[in-house]
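Report on the structure given below.
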Amino acid sequence: MAGKIAVVVIAVGAMGYALLSRPATVQPKRPSTHQAALTPPPAPAAVAPAPVQAQLQAQAPAPVPAPAIAPAPASIPAPEVELPKAADAPGKLVRQVVDYISHEAPGTVVVDTGNTFLYLVLNGKQAMRYGIGVGREGFTWSGEQTVARKTEWPDWRPPAEMVLRQPYLPRFMAGGPGNPLGARAMYLGETEYRIHGTNKPDTIGKRVSSGCIRLTNDDVTDLYERVKVGAKVIVLPATRAIPAAHRVLRSNPDEAANRLPNPGLATVRPAT
């Protein structure tokens with residue numbers, strides 16, 4: 001009996017020694033289900049294939065260098081500009097009111113052929129003065145007529161005598177901006193003469209027409225509105241080239257204020 005107990009003791013001791021001599025196994029710690037749900041899985045890094053990377057590097061634009069900042073230029077004062085001085089008085093051919101002594105009734109037109117002026121009598125002491133173009137040498141005339149009719153943008157039918165001298169002229173031209181008679185026309189009596197506009201304003205102040213009196217389109221429009229049908233028109237002889245010396249009202253008081261003789265007393269002859 002004692003021998004059996006000894007054998008059992010020896011066997012138990014051997015098993016304990018074997019357990020103590022065996023290395024311990026460490027089990028990995030697993031995250032709990034709650035921690036796994038809160039922690040997202042890491043995203044895999046995208047790696048392009050080598051050929052694609054080379055192509056992208058070739059297509060990528062070269063870096064642009066930052067522009068150099070130029071130093072601010074020194075402040076240079078602007079050159080002084082001399083302002084033009086205002087004219088003492090309007091040009092002599094510009095439409096303007098002047099002192100004009102006359103015994104003619106208001107509304108009378110006086111054509112000063114020698115000085116290329118047309119006067120519209122406003123009262124016994126004033127007139128509206130216009131610059132005009134008149135007949136060239138050999139085509140001037142003088143006399144007294146009346147405004148027989150008025151026309152806006154008149155048609156043009158050159159007289160037979162004019163066509164004979166200038167056969168290249170058209171036989172008819174409808175009214176309009178290109179018409180030589182301009183924007184308005186006032187026909188004088190039964191003659192071929194007219195006071196009319198022109199599409200060549202540079203001819204004002206010159207002797208270029210075949211006997212008609214021409215004004216700029218702006219001036220002839222103004223005159224057209226002031227002059228009535230039946231108004232008297234006095235055309236002074238071209239030889240009466242008295243220097244124009246009418247004083248422009250309130251514009252140039254230093255200009256001489258000489259008076260022309262009363263144009264109503266001038267010797268006139270019928271228009272030819």
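Starting from 1 in every chain, residues are counted up; chains themselves are A, B, ... following the order of the structure tokens, and ligands are numbered from 1 as listed.
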
Could you pull the residues within 9 Å of Gly197 of chain A, counting only C-alpha atoms, minus those fewer than 4 positions along the same chain, as a list in words?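 The neighbour list is Pro180, Leu181, Gly182, Ala183, Arg184, Ala185, Pro201, Ile213, Arg214, Leu215, Thr216, Asn217, Asp218, Asp219, Val220 and Thr221 of chain A.
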
Please dump the current selection as a PDB file, in the first residue's frame; keep N, CA and C atoms.
```
ATOM      1  N   PRO A 180     -26.700 119.579-105.165  1.00  0.00           N
ATOM      2  CA  PRO A 180     -25.984 120.857-105.056  1.00  0.00           C
ATOM      3  C   PRO A 180     -26.800 121.982-104.436  1.00  0.00           C
ATOM      4  N   LEU A 181     -28.137 121.870-104.432  1.00  0.00           N
ATOM      5  CA  LEU A 181     -28.965 122.925-103.862  1.00  0.00           C
ATOM      6  C   LEU A 181     -29.100 122.805-102.347  1.00  0.00           C
ATOM      7  N   GLY A 182     -28.608 121.731-101.780  1.00  0.00           N
ATOM      8  CA  GLY A 182     -28.597 121.608-100.336  1.00  0.00           C
ATOM      9  C   GLY A 182     -29.962 121.378 -99.721  1.00  0.00           C
ATOM     10  N   ALA A 183     -30.093 121.808 -98.459  1.00  0.00           N
ATOM     11  CA  ALA A 183     -31.265 121.478 -97.657  1.00  0.00           C
ATOM     12  C   ALA A 183     -32.490 122.350 -97.950  1.00  0.00           C
ATOM     13  N   ARG A 184     -32.286 123.593 -98.396  1.00  0.00           N
ATOM     14  CA  ARG A 184     -33.406 124.508 -98.609  1.00  0.00           C
ATOM     15  C   ARG A 184     -33.112 125.391 -99.816  1.00  0.00           C
ATOM     16  N   ALA A 185     -34.176 125.898-100.426  1.00  0.00           N
ATOM     17  CA  ALA A 185     -34.020 126.832-101.543  1.00  0.00           C
ATOM     18  C   ALA A 185     -35.147 127.849-101.498  1.00  0.00           C
ATOM     19  N   PRO A 201     -19.586 123.141 -98.167  1.00  0.00           N
ATOM     20  CA  PRO A 201     -19.495 124.319 -97.293  1.00  0.00           C
ATOM     21  C   PRO A 201     -18.186 125.080 -97.433  1.00  0.00           C
ATOM     22  N   ILE A 213     -27.070 132.429-104.887  1.00  0.00           N
ATOM     23  CA  ILE A 213     -26.506 132.765-103.581  1.00  0.00           C
ATOM     24  C   ILE A 213     -26.580 131.504-102.718  1.00  0.00           C
ATOM     25  N   ARG A 214     -25.440 131.043-102.237  1.00  0.00           N
ATOM     26  CA  ARG A 214     -25.428 129.802-101.470  1.00  0.00           C
ATOM     27  C   ARG A 214     -24.981 130.036-100.028  1.00  0.00           C
ATOM     28  N   LEU A 215     -25.555 129.275 -99.119  1.00  0.00           N
ATOM     29  CA  LEU A 215     -25.205 129.285 -97.703  1.00  0.00           C
ATOM     30  C   LEU A 215     -24.948 127.845 -97.265  1.00  0.00           C
ATOM     31  N   THR A 216     -24.359 127.671 -96.088  1.00  0.00           N
ATOM     32  CA  THR A 216     -24.255 126.325 -95.546  1.00  0.00           C
ATOM     33  C   THR A 216     -25.656 125.798 -95.267  1.00  0.00           C
ATOM     34  N   ASN A 217     -25.796 124.497 -95.181  1.00  0.00           N
ATOM     35  CA  ASN A 217     -27.121 123.918 -94.931  1.00  0.00           C
ATOM     36  C   ASN A 217     -27.699 124.390 -93.602  1.00  0.00           C
ATOM     37  N   ASP A 218     -26.855 124.554 -92.586  1.00  0.00           N
ATOM     38  CA  ASP A 218     -27.357 125.046 -91.297  1.00  0.00           C
ATOM     39  C   ASP A 218     -27.873 126.473 -91.420  1.00  0.00           C
ATOM     40  N   ASP A 219     -27.107 127.313 -92.133  1.00  0.00           N
ATOM     41  CA  ASP A 219     -27.512 128.714 -92.258  1.00  0.00           C
ATOM     42  C   ASP A 219     -28.741 128.868 -93.141  1.00  0.00           C
ATOM     43  N   VAL A 220     -28.792 128.116 -94.239  1.00  0.00           N
ATOM     44  CA  VAL A 220     -29.945 128.271 -95.121  1.00  0.00           C
ATOM     45  C   VAL A 220     -31.209 127.751 -94.440  1.00  0.00           C
ATOM     46  N   THR A 221     -31.082 126.759 -93.575  1.00  0.00           N
ATOM     47  CA  THR A 221     -32.248 126.284 -92.823  1.00  0.00           C
ATOM     48  C   THR A 221     -32.728 127.354 -91.851  1.00  0.00           C
TER      49      THR A 221
END
```

Work out how far atom CA of His196 of chain A is from atom CA of Gly178 of chain A, in Å to one decimal.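 Separating atom CA of Gly178 of chain A from atom CA of His196 of chain A is a distance of 13.5 Å.
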
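Considering the residues A:Trp156, A:Tyr119, A:Phe172, A:Tyr224 and counting only C-alpha atoms, Ile195 of chain A has its shortest atom-to-atom contact with A:Tyr224.
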
Considering only C-alpha atoms, can you say which of A:Met173, A:Leu188, A:Leu236, A:Leu118 comes closest to Lys150 of chain A?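 Checking each of A:Met173, A:Leu188, A:Leu236, A:Leu118 against Lys150 of chain A, counting only C-alpha atoms, the winner is A:Leu188.
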
List the neighbours of Arg171 of chain A out to 12 Å using only C-alpha atoms; skip same-chain residues closer than 5 positions along the sequence, and give me the result as a list in words.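 Those residues are Asp155, Trp156, Arg157, Pro158, Pro159, Ala160, Glu161, Met162, Val163, Leu164 and Gln166 of chain A.
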
Pick the closest to Thr151 of chain A from A:Met186, A:Leu120, A:Ala231, A:Gly107: which is it, counting only C-alpha atoms?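 Ranked by minimum distance to Thr151 of chain A, first place goes to A:Met186.
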